[in-house]
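Source file: my_file.txt (compact mmCIF, C-alpha atoms)
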# COMPACT_ATOMS: atom_id res chain seq x y z
CA ASN V 142 -6.87 12.98 14.18
CA ALA V 143 -5.30 9.54 14.65
CA GLY V 144 -6.55 7.88 11.42
CA VAL V 145 -5.35 4.27 11.36
CA THR V 146 -3.44 3.11 14.44
CA GLN V 147 -1.38 -0.07 14.53
CA THR V 148 0.18 -1.79 17.52
CA PRO V 149 2.83 -2.85 18.21
CA LYS V 150 5.28 -0.89 16.06
CA PHE V 151 7.98 -3.55 16.35
CA GLN V 152 7.93 -7.23 17.34
CA VAL V 153 10.43 -10.08 17.36
CA LEU V 154 9.11 -13.63 17.52
CA LYS V 155 10.67 -17.03 17.57
CA THR V 156 9.56 -19.61 15.03
CA GLY V 157 6.37 -21.26 16.22
CA GLN V 158 5.25 -18.45 18.51
CA SER V 159 1.90 -16.78 18.02
CA MET V 160 0.86 -13.17 18.15
CA THR V 161 -1.89 -10.76 17.13
CA LEU V 162 -1.34 -7.48 15.34
CA GLN V 163 -3.89 -4.85 16.26
CA CYS V 164 -5.42 -2.18 14.03
CA ALA V 165 -8.01 0.48 14.80
CA GLN V 166 -9.43 3.31 12.69
CA ASP V 167 -11.41 6.32 13.84
CA MET V 168 -12.72 7.46 10.45
CA ASN V 169 -15.91 5.36 10.53
CA HIS V 170 -14.73 3.46 7.46
CA ASN V 171 -16.60 0.34 6.38
CA SER V 172 -13.70 -1.61 4.91
CA MET V 173 -10.38 -2.62 6.44
CA TYR V 174 -7.34 -4.41 5.02
CA TRP V 175 -4.08 -6.06 5.99
CA TYR V 176 -1.09 -5.84 3.65
CA ARG V 177 2.48 -7.04 3.99
CA GLN V 178 5.42 -5.23 2.46
CA ASP V 179 8.59 -7.04 1.43
CA PRO V 180 11.63 -5.62 -0.36
CA GLY V 181 11.17 -5.53 -4.11
CA MET V 182 7.61 -6.82 -3.92
CA GLY V 183 5.51 -3.82 -3.06
CA LEU V 184 2.48 -4.39 -0.86
CA ARG V 185 0.49 -7.61 -1.04
CA LEU V 186 -3.01 -8.05 0.34
CA ILE V 187 -3.33 -10.68 3.06
CA TYR V 188 -6.96 -10.38 4.16
CA TYR V 189 -9.64 -7.76 4.00
CA SER V 190 -12.99 -7.00 5.56
CA ALA V 191 -15.50 -5.29 3.29
CA SER V 192 -17.80 -4.50 6.20
CA GLU V 193 -18.29 -5.34 9.84
CA GLY V 194 -18.94 -9.05 10.19
CA THR V 195 -17.27 -10.14 6.95
CA THR V 196 -13.72 -11.17 6.09
CA ASP V 197 -12.15 -12.51 2.89
CA LYS V 198 -8.80 -13.77 1.70
CA GLY V 199 -6.48 -11.59 -0.32
CA GLU V 200 -3.47 -12.57 -2.39
CA VAL V 201 -1.32 -14.14 0.35
CA PRO V 202 -3.57 -15.41 3.20
CA ASN V 203 -1.73 -18.61 4.14
CA GLY V 204 -0.44 -18.63 7.71
CA TYR V 205 -2.74 -15.83 8.86
CA ASN V 206 -6.17 -15.35 10.37
CA VAL V 207 -8.15 -12.17 10.91
CA SER V 208 -10.97 -10.92 13.10
CA ARG V 209 -13.16 -7.90 12.43
CA LEU V 210 -13.94 -7.26 16.07
CA ASN V 211 -16.22 -4.28 15.38
CA LYS V 212 -16.38 -1.47 12.85
CA ARG V 213 -13.23 0.16 14.25
CA GLU V 214 -10.94 -2.82 14.80
CA PHE V 215 -9.43 -5.45 12.53
CA SER V 216 -6.78 -7.78 13.94
CA LEU V 217 -4.30 -10.08 12.19
CA ARG V 218 -3.17 -13.27 13.92
CA LEU V 219 -0.16 -15.46 13.28
CA GLU V 220 -0.83 -18.80 14.97
CA SER V 221 2.63 -20.28 14.39
CA ALA V 222 5.10 -17.73 13.11
CA ALA V 223 7.60 -18.69 10.40
CA PRO V 224 10.71 -16.81 9.19
CA SER V 225 8.94 -16.24 5.85
CA GLN V 226 6.51 -14.02 7.73
CA THR V 227 9.25 -11.54 8.56
CA SER V 228 7.87 -8.40 6.98
CA VAL V 229 6.34 -5.00 7.57
CA TYR V 230 2.59 -5.25 8.03
CA PHE V 231 0.25 -2.42 7.13
CA CYS V 232 -3.38 -1.99 8.04
CA ALA V 233 -5.59 0.24 5.89
CA SER V 234 -9.20 1.38 5.76
CA ASN V 235 -11.65 3.12 3.46
CA THR V 236 -15.23 3.64 2.38
CA ASN V 237 -15.51 4.22 -1.37
CA SER V 238 -12.32 6.23 -1.26
CA PRO V 239 -8.61 5.59 -1.65
CA LEU V 240 -7.02 3.64 1.18
CA HIS V 241 -5.73 5.26 4.36
CA PHE V 242 -2.77 3.39 5.82
CA GLY V 243 -1.37 3.02 9.31
CA ASN V 244 2.35 3.38 9.99
CA GLY V 245 3.06 -0.32 10.01
CA THR V 246 4.26 -3.09 12.32
CA ARG V 247 7.76 -4.37 11.67
CA LEU V 248 7.83 -8.10 12.50
CA THR V 249 10.93 -10.26 12.62
CA VAL V 250 10.66 -14.03 13.04
CA THR V 251 13.88 -15.78 14.00
CA GLY P 48 0.68 -12.37 -7.65
CA GLN P 49 1.93 -8.97 -8.67
CA GLN P 50 0.36 -7.52 -11.79
CA LEU P 51 2.00 -4.09 -11.87
CA ASN P 52 5.57 -3.39 -12.95
CA GLN P 53 7.23 -0.12 -12.06
CA SER P 54 10.34 1.42 -13.51
CA PRO P 55 12.86 2.46 -12.66
CA GLN P 56 13.27 0.45 -9.45
CA SER P 57 15.38 3.21 -7.96
CA MET P 58 16.88 6.50 -8.95
CA PHE P 59 19.32 9.04 -7.60
CA ILE P 60 18.77 12.58 -8.77
CA GLN P 61 20.02 16.01 -7.88
CA GLU P 62 17.83 18.59 -6.25
CA GLY P 63 16.04 20.65 -8.87
CA GLU P 64 15.89 17.90 -11.48
CA ASP P 65 12.67 16.54 -12.92
CA VAL P 66 11.72 12.91 -12.29
CA SER P 67 9.70 10.48 -14.40
CA MET P 68 8.53 7.02 -13.49
CA ASN P 69 5.99 4.66 -14.94
CA CYS P 70 3.84 1.69 -14.16
CA THR P 71 2.62 -0.98 -16.56
CA SER P 72 0.12 -3.75 -16.23
CA SER P 73 -0.81 -6.88 -18.15
CA SER P 74 -4.45 -6.11 -17.35
CA ILE P 75 -6.69 -3.14 -17.99
CA PHE P 76 -7.35 -0.92 -14.98
CA ASN P 77 -10.22 1.51 -14.55
CA THR P 78 -8.45 3.40 -11.80
CA TRP P 79 -4.82 4.27 -11.25
CA LEU P 80 -3.51 5.52 -7.92
CA TRP P 81 -0.11 6.86 -6.99
CA TYR P 82 1.09 6.61 -3.39
CA LYS P 83 4.24 7.82 -1.67
CA GLN P 84 5.80 6.12 1.33
CA ASP P 85 8.14 8.07 3.58
CA PRO P 86 10.66 6.07 5.64
CA GLY P 87 8.99 4.42 8.64
CA GLU P 88 5.48 5.38 7.60
CA GLY P 89 2.57 3.98 5.65
CA PRO P 90 1.82 4.96 2.04
CA VAL P 91 -0.06 8.20 1.47
CA LEU P 92 -2.18 8.88 -1.59
CA LEU P 93 -0.74 11.46 -3.99
CA ILE P 94 -2.96 11.35 -7.05
CA ALA P 95 -5.97 9.33 -8.22
CA LEU P 96 -6.83 8.86 -11.92
CA TYR P 97 -10.22 7.60 -13.06
CA LYS P 98 -10.34 8.02 -16.84
CA ALA P 99 -8.12 6.93 -19.73
CA GLY P 100 -6.07 9.86 -20.98
CA GLU P 101 -6.63 11.86 -17.81
CA LEU P 102 -3.81 14.16 -16.75
CA THR P 103 -3.93 15.33 -13.14
CA SER P 104 -1.61 17.54 -11.14
CA ASN P 105 -1.00 17.94 -7.43
CA GLY P 106 1.53 20.72 -6.91
CA ARG P 107 4.79 19.65 -8.54
CA LEU P 108 3.41 16.19 -9.26
CA THR P 109 1.65 15.27 -12.49
CA ALA P 110 0.23 11.85 -13.28
CA GLN P 111 -1.33 10.49 -16.43
CA PHE P 112 -3.70 7.60 -17.04
CA GLY P 113 -2.48 5.86 -20.20
CA ILE P 114 -4.77 5.63 -23.22
CA THR P 115 -4.49 1.83 -23.32
CA ARG P 116 -5.52 1.72 -19.62
CA LYS P 117 -2.55 -0.57 -19.06
CA ASP P 118 -0.10 2.06 -17.91
CA SER P 119 0.34 5.24 -15.93
CA PHE P 120 3.07 7.80 -15.48
CA LEU P 121 4.14 10.05 -12.64
CA ASN P 122 6.32 13.12 -13.07
CA ILE P 123 7.84 15.26 -10.34
CA SER P 124 9.17 18.64 -11.36
CA ALA P 125 12.01 20.50 -9.65
CA SER P 126 12.66 17.82 -7.03
CA ILE P 127 13.44 18.74 -3.44
CA PRO P 128 14.96 16.66 -0.62
CA SER P 129 11.56 15.86 0.92
CA ASP P 130 10.61 14.03 -2.29
CA VAL P 131 12.76 11.15 -1.04
CA GLY P 132 10.74 7.99 -0.53
CA ILE P 133 9.17 5.08 -2.34
CA TYR P 134 6.51 5.75 -4.94
CA PHE P 135 3.92 3.08 -5.61
CA CYS P 136 1.33 2.79 -8.33
CA ALA P 137 -1.80 0.84 -7.49
CA GLY P 138 -4.99 -0.29 -9.10
CA PRO P 139 -8.07 -2.20 -8.02
CA LEU P 140 -7.77 -6.00 -8.02
CA ASN P 141 -11.37 -6.25 -9.08
CA THR P 142 -14.62 -4.49 -8.58
CA GLY P 143 -16.64 -5.46 -5.58
CA THR P 144 -17.71 -4.25 -2.21
CA ALA P 145 -14.18 -3.55 -1.07
CA SER P 146 -11.53 -1.54 -2.87
CA LYS P 147 -8.84 -4.19 -2.88
CA LEU P 148 -5.72 -2.79 -4.44
CA THR P 149 -2.77 -4.40 -6.11
CA PHE P 150 0.46 -2.46 -5.81
CA GLY P 151 3.47 -2.07 -8.02
CA THR P 152 6.93 -2.97 -6.81
CA GLY P 153 7.78 0.66 -6.14
CA THR P 154 10.29 3.25 -7.33
CA ARG P 155 12.76 4.37 -4.66
CA LEU P 156 13.73 7.99 -5.11
CA GLN P 157 16.77 9.56 -3.51
CA VAL P 158 17.55 13.23 -3.94
CA THR P 159 21.00 14.65 -3.44
CA LEU P 160 21.76 18.28 -2.78
Output the file's structure in the form of structure tokens.
Amino acid sequence: NAGVTQTPKFQVLKTGQSMTLQCAQDMNHNSMYWYRQDPGMGLRLIYYSASEGTTDKGEVPNGYNVSRLNKREFSLRLESAAPSQTSVYFCASNTNSPLHFGNGTRLTVT
Amino acid sequence: GQQLNQSPQSMFIQEGEDVSMNCTSSSIFNTWLWYKQDPGEGPVLLIALYKAGELTSNGRLTAQFGITRKDSFLNISASIPSDVGIYFCAGPLNTGTASKLTFGTGTRLQVTL
């Protein structure tokens, strides 16, 4: 009964470092999404994957890349982290249903 | 950018009071969703609305899909401490193969005893 699992839960990076945020879902959902949450701005869509093998940009894709590794997994990569990418990142999934969210990764870039 | 405006941004209420919040958009939406986010967790769906004028309840929560399709309202009756959290409205960015959502800025609710 895990749902959407995100790792790590917390991460601190220095400017210029790279890292990959991992997301896996066990609900056999077709679509997966990455959102970022910033104070006073709600959640904004970074990238999404409508189905295995496809990815598309959301509202705020700059500075990020994604990989839909298989139906279960959708990773988000920061190649060169910037302080503006300090945020809480949420992965979500669905198939013709409202989104199911993970518990987030809190990322700080110094 | 953001298309949904929520108000109020935050509210402090006493346990037992009723709560009202709303969400407005510059665009027409065909679906309105209300999510709640508990501290340290991801948002969880509370209520989904699919038709203009629709009024739907989930326990002490009632949400309405505005007639103009540009707004929605969420009411919580007889609030309790576990109602604390951030409430988000959301609607689809566009129709397509994926249900991309745009979210409101959130209403932070704090309940005092």
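If you count only C-alpha atoms and ignore residues fewer than 3 places along the chain from region 237-247 of chain V, what sits within 6 Å of it is Val145, Thr146, Lys150, Phe151, Val229, Tyr230, Phe231, Cys232, Ala233 and Ser234 of chain V; Glu88 and Gly89 of chain P.
Look at Thr78 (chain P): the protein and nucleic acid residues within 9 Å of it, using all atoms listed in the file and passing over chain neighbours fewer than 6 places away, are P:Ala95, P:Leu96, P:Tyr97, P:Lys98, P:Ala99, P:Phe112, P:Arg116, P:Ala137, P:Gly138, P:Pro139.
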Close residues, Thr152 (chain P) itself excluded, 12 Å, all atoms listed in the file, min 2 positions apart in chain, as an MDAnalysis selection string: (chainID V and resid 178:185) or (chainID P and resid 48:57 69:72 82 133:137 149:150 154:155)
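Of note, CA of Asp130 (chain P) and CA of Thr148 (chain V) are spaced 27.4 Å apart.
Reported to one decimal place, the separation of CA of Glu220 (chain V) from CA of Met160 (chain V) is 6.7 Å.
Considering all atoms listed in the file, the residue among P:Thr159, P:Gln84, P:Ser74, P:Ser67 positioned nearest to Leu108 (chain P) is P:Ser67.
With all atoms listed in the file as the atoms that count, the residue of V:Ser216, V:Ser208, V:Gln226, V:Thr236 with the shortest distance to Gly157 (chain V) is V:Gln226.
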